[in-house]
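What follows is the content of run27.txt (compact mmCIF, C-alpha atoms).
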```txt
# COMPACT_ATOMS: atom_id res chain seq x y z
CA PHE A 52 194.13 70.49 38.89
CA LYS A 53 197.38 71.48 37.12
CA LEU A 54 198.59 73.25 40.24
CA ARG A 55 201.56 72.81 42.51
CA SER A 56 200.99 71.63 46.08
CA TYR A 57 201.59 75.08 47.61
CA GLN A 58 198.73 76.46 45.45
CA ILE A 59 196.08 74.28 47.10
CA GLN A 60 194.54 75.24 50.42
CA GLY A 61 191.60 74.04 52.41
CA PRO A 62 190.60 72.24 55.60
CA ALA A 63 193.34 70.53 57.64
CA TRP A 64 192.24 67.05 56.54
CA ILE A 65 193.58 67.58 53.01
CA ASP A 66 197.10 67.50 54.47
CA ASN A 67 196.50 64.74 57.02
CA GLU A 68 194.22 62.12 55.46
CA ARG A 69 195.66 59.49 53.07
CA TYR A 70 193.80 57.54 50.41
CA ASP A 71 194.44 54.67 48.00
CA LEU A 72 193.31 55.72 44.57
CA ASP A 73 192.57 52.92 42.12
CA ALA A 74 191.25 54.16 38.79
CA LYS A 75 191.44 52.85 35.23
CA VAL A 76 191.91 55.23 32.34
CA PRO A 77 189.54 54.37 29.47
CA ASP A 78 191.20 52.65 26.52
CA GLY A 79 192.32 55.16 23.92
CA ALA A 80 192.13 58.13 26.28
CA PRO A 81 194.82 60.70 25.43
CA PRO A 82 197.45 61.12 28.18
CA ASP A 83 196.89 64.87 28.32
CA GLY A 84 193.23 64.21 29.18
CA VAL A 85 194.04 62.23 32.34
CA PRO A 86 194.38 65.27 34.68
CA ALA A 87 190.87 66.48 33.77
CA MET A 88 189.47 62.96 34.36
CA LEU A 89 191.21 62.76 37.73
CA GLU A 90 189.96 66.22 38.69
CA ALA A 91 186.39 65.20 37.84
CA LEU A 92 186.75 61.94 39.81
CA LEU A 93 188.07 63.71 42.93
CA THR A 94 185.42 66.43 42.71
CA GLU A 95 182.63 63.85 42.34
CA ARG A 96 183.77 61.36 44.99
CA PHE A 97 184.77 63.93 47.62
CA HIS A 98 181.90 66.33 46.77
CA LEU A 99 184.47 69.10 46.53
CA VAL A 100 183.29 72.68 46.41
CA THR A 101 186.16 74.89 45.29
CA HIS A 102 186.97 78.30 43.93
CA ARG A 103 190.12 79.84 42.49
CA GLU A 104 191.66 83.14 43.51
CA THR A 105 194.81 85.02 42.61
CA ARG A 106 196.77 87.21 45.02
CA GLN A 107 200.12 88.94 45.16
CA GLU A 108 202.49 86.94 47.34
CA ASP A 109 206.14 86.74 48.28
CA VAL A 110 207.81 84.21 45.99
CA PHE A 111 211.30 82.97 45.26
CA VAL A 112 212.44 83.02 41.65
CA LEU A 113 214.88 80.54 40.15
CA GLY A 114 216.68 82.07 37.17
CA VAL A 115 219.84 81.59 35.11
CA GLY A 116 223.02 82.97 36.68
CA LYS A 117 225.25 85.47 34.90
CA ASP A 118 227.71 82.77 33.77
CA GLY A 119 225.01 80.35 32.60
CA PRO A 120 223.79 77.03 34.01
CA LYS A 121 226.23 74.37 35.25
CA LEU A 122 223.88 71.41 35.25
CA THR A 123 224.84 67.80 34.54
CA LYS A 124 222.69 66.08 31.91
CA SER A 125 221.33 62.84 33.31
CA GLN A 126 222.54 59.62 31.72
CA ARG A 127 219.79 57.64 33.42
CA GLU A 128 217.19 56.08 31.16
CA LEU A 129 213.75 57.06 32.35
CA LYS A 130 211.07 54.40 32.71
CA PRO A 131 208.33 54.62 30.09
CA GLY A 132 205.50 56.80 31.37
CA THR A 133 207.71 58.81 33.77
CA ASP A 134 205.81 62.03 34.46
CA LEU A 135 208.02 65.07 33.83
CA SER A 136 205.19 67.60 33.80
CA PRO A 137 205.99 71.05 35.20
CA TYR A 138 203.58 70.39 38.10
CA MET A 139 205.50 67.42 39.50
CA MET A 140 208.12 67.27 42.23
CA VAL A 141 211.26 65.16 41.80
CA ASN A 142 210.77 61.40 41.45
CA GLU A 143 213.71 60.51 43.70
CA LEU A 144 215.45 62.36 46.52
CA SER A 145 218.63 61.38 48.35
CA LEU A 146 219.65 63.24 51.51
CA SER A 147 222.96 63.48 53.33
CA THR A 148 223.96 65.82 56.16
CA ASP A 149 225.05 68.59 53.79
CA ALA A 150 223.54 67.81 50.38
CA VAL A 151 220.37 66.91 48.52
CA SER A 152 220.65 64.79 45.35
CA MET A 153 217.86 64.71 42.78
CA PRO A 154 218.70 62.39 39.88
CA ALA A 155 216.90 62.50 36.53
CA THR A 156 214.89 65.65 37.16
CA THR A 157 213.92 68.79 35.30
CA VAL A 158 214.60 72.32 36.54
CA ALA A 159 210.83 72.86 36.88
CA MET A 160 210.61 69.77 39.12
CA PHE A 161 213.61 71.05 41.11
CA ALA A 162 211.80 74.37 41.70
CA ASN A 163 208.62 72.52 42.72
CA THR A 164 210.61 70.43 45.18
CA LEU A 165 212.13 73.54 46.77
CA ALA A 166 208.59 74.91 47.07
CA GLY A 167 207.23 71.61 48.40
CA VAL A 168 209.88 71.36 51.10
CA GLY A 169 209.47 74.96 52.23
CA GLY A 170 205.80 75.55 51.46
CA ARG A 171 206.56 78.82 49.69
CA PRO A 172 206.15 79.42 45.92
CA VAL A 173 209.32 78.99 43.86
CA LEU A 174 208.93 80.08 40.24
CA ASP A 175 211.10 78.52 37.55
CA GLN A 176 212.05 81.33 35.17
CA THR A 177 215.14 79.65 33.75
CA GLY A 178 213.59 78.39 30.53
CA ILE A 179 215.95 75.38 30.80
CA GLU A 180 214.66 72.18 29.19
CA GLY A 181 216.05 68.70 29.70
CA VAL A 182 216.65 66.10 32.40
CA PHE A 183 219.54 66.57 34.83
CA ASP A 184 221.18 65.03 37.89
CA ILE A 185 220.94 67.91 40.35
CA ASN A 186 223.18 67.87 43.42
CA LEU A 187 222.42 70.73 45.76
CA HIS A 188 225.22 71.27 48.27
CA ALA A 189 222.98 72.44 51.10
CA PRO A 190 221.21 70.52 53.86
CA ILE A 191 217.46 70.06 53.59
CA GLY A 192 217.15 72.26 56.68
CA ALA A 193 218.57 75.20 54.73
CA ILE A 194 215.81 74.80 52.16
CA ARG A 195 213.12 74.69 54.85
CA GLU A 196 214.52 77.70 56.70
CA THR A 197 214.90 79.75 53.55
CA THR A 198 211.62 79.08 51.83
CA ALA A 199 209.26 78.69 54.78
CA PRO A 200 207.23 81.71 55.88
CA ALA A 201 208.67 83.61 58.82
CA ALA A 202 206.60 84.17 61.95
CA ASP A 203 205.24 87.45 60.57
CA GLY A 204 203.92 85.66 57.49
CA GLN A 205 206.62 87.04 55.20
CA ALA A 206 209.17 84.87 53.43
CA SER A 207 212.45 84.76 55.28
CA THR A 208 215.60 86.09 53.64
CA PRO A 209 217.56 83.53 51.61
CA THR A 210 220.37 82.01 53.65
CA ASN A 211 223.93 82.10 52.36
CA THR A 212 223.96 78.30 52.35
CA LEU A 213 221.06 77.80 49.95
CA ALA A 214 221.84 80.84 47.77
CA ALA A 215 225.46 79.70 47.41
CA ALA A 216 224.39 76.13 46.56
CA ILE A 217 222.05 77.42 43.87
CA ARG A 218 224.78 79.70 42.47
CA GLU A 219 227.05 76.62 42.22
CA LEU A 220 224.48 75.24 39.75
CA GLY A 221 224.82 78.39 37.63
CA LEU A 222 221.36 79.55 38.69
CA SER A 223 220.13 82.66 40.48
CA TRP A 224 217.85 82.87 43.52
CA THR A 225 215.87 86.04 44.20
CA ARG A 226 212.74 87.10 46.04
CA ARG A 227 209.90 89.30 44.82
CA LYS A 228 206.11 89.65 44.73
CA ALA A 229 204.13 87.84 42.04
CA PRO A 230 200.51 86.88 41.37
CA ILE A 231 199.88 83.32 42.57
CA GLU A 232 196.73 81.42 41.67
CA ARG A 233 195.30 79.24 44.40
CA LEU A 234 192.62 76.57 44.49
CA VAL A 235 190.63 76.95 47.70
CA ILE A 236 188.67 73.90 48.87
CA ASP A 237 185.62 75.36 50.55
CA SER A 238 184.13 72.00 51.56
CA GLY A 239 184.28 68.30 50.87
CA LEU A 240 183.88 64.85 52.38
CA THR A 241 186.72 63.22 54.31
CA VAL A 242 185.31 59.83 53.31
CA PRO A 243 184.69 59.67 49.56
CA THR A 244 181.56 58.12 48.10
CA GLY A 245 181.99 54.67 46.57
CA ASN A 246 181.45 53.44 43.02
```
Spell out the structure here as structure tokens.
Amino acid sequence: FKLRSYQIQGPAWIDNERYDLDAKVPDGAPPDGVPAMLEALLTERFHLVTHRETRQEDVFVLGVGKDGPKLTKSQRELKPGTDLSPYMMVNELSLSTDAVSMPATTVAMFANTLAGVGGRPVLDQTGIEGVFDINLHAPIGAIRETTAPAADGQASTPTNTLAAAIRELGLSWTRRKAPIERLVIDSGLTVPTGN
């Protein structure tokens, strides 16, 4: 659907049910056509009825800091077919008590991961291209606390821990309102139809 996970909402089962998806892409199909084929397959098999809407929401914005980015280019060779699309989260995550390591990732994937962990939109407005080894010197809990909605439904204020860790990367971290498109699943089957 070319959306990030926080942009999709619907019944509780979409977050709880798990499925094995086994599909074959037709020979000669262009790679950029695969998302549309997958969308059609999911819509058909789950009888999804959806609509899209856009609303102003609290978001976090990842930008370039005043002294420029301090990111380490990754030396890792990516496997053929590694998906680096701007809709993906990081491929690998390593956690310690006070840090989160994300090897061979893009800044867009880093922003998506922050959003995925906290469930709050994080927009990548850095314009930075390339693949980096990102080491964020903040515990995963700081990301959750900072990006998750507060009890009143508003985004909580960035904590010093996460903001400082992002500044160490030469990036900025701010909060503002922005239009966010959402895909709303109005109805669908929890058990998909077969072939």
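Every protein, DNA or RNA residue with an atom at most 10 Å from segment 72-88 of chain A, where only C-alpha atoms count and chain neighbours fewer than 5 positions away do not, is listed here: Phe52, Lys53, Leu93, Thr94 and Gly132 of chain A.
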Please enclose the listed atoms of segment 66-73 of chain A in an axis-aligned box, pad each side by 6 Å, and write out the centre and the three edge lengths in Å, rounded to one decimal, as AutoDock Vina command-line options.
```
--center_x 194.8 --center_y 60.2 --center_z 49.6 --size_x 16.5 --size_y 26.6 --size_z 26.9
```
Measure the distance from atom CA of Thr123 of chain A to atom CA of Ala229 of chain A in Å and round it to one decimal.
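Separating atom CA of Thr123 of chain A from atom CA of Ala229 of chain A is a distance of 29.8 Å.
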Could you check how far atom CA of Asn186 of chain A sits from atom CA of Gly167 of chain A, in Å to one decimal?
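Taking atom CA of Asn186 of chain A and atom CA of Gly167 of chain A, their separation equals 17.1 Å.
Near Leu213 of chain A, within a cut-off of 7 Å and counting only C-alpha atoms, sit the residues Ala189, Ala193 and Ile194 of chain A, with same-chain residues fewer than 6 positions away left out.
Residue nearest Val182 of chain A, chosen from A:Ala215, A:Val168, A:Leu222, A:Val141 and counting all atoms listed in the file: A:Val141.
We find atom CA of Ile231 of chain A and atom CA of Gly170 of chain A to be spaced 13.2 Å apart.
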Which of A:Ala155, A:Val173, A:Val235, A:Leu240 sits closest to Glu104 of chain A [using all atoms listed in the file]:
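Of all the options, A:Val235 lies closest to Glu104 of chain A.
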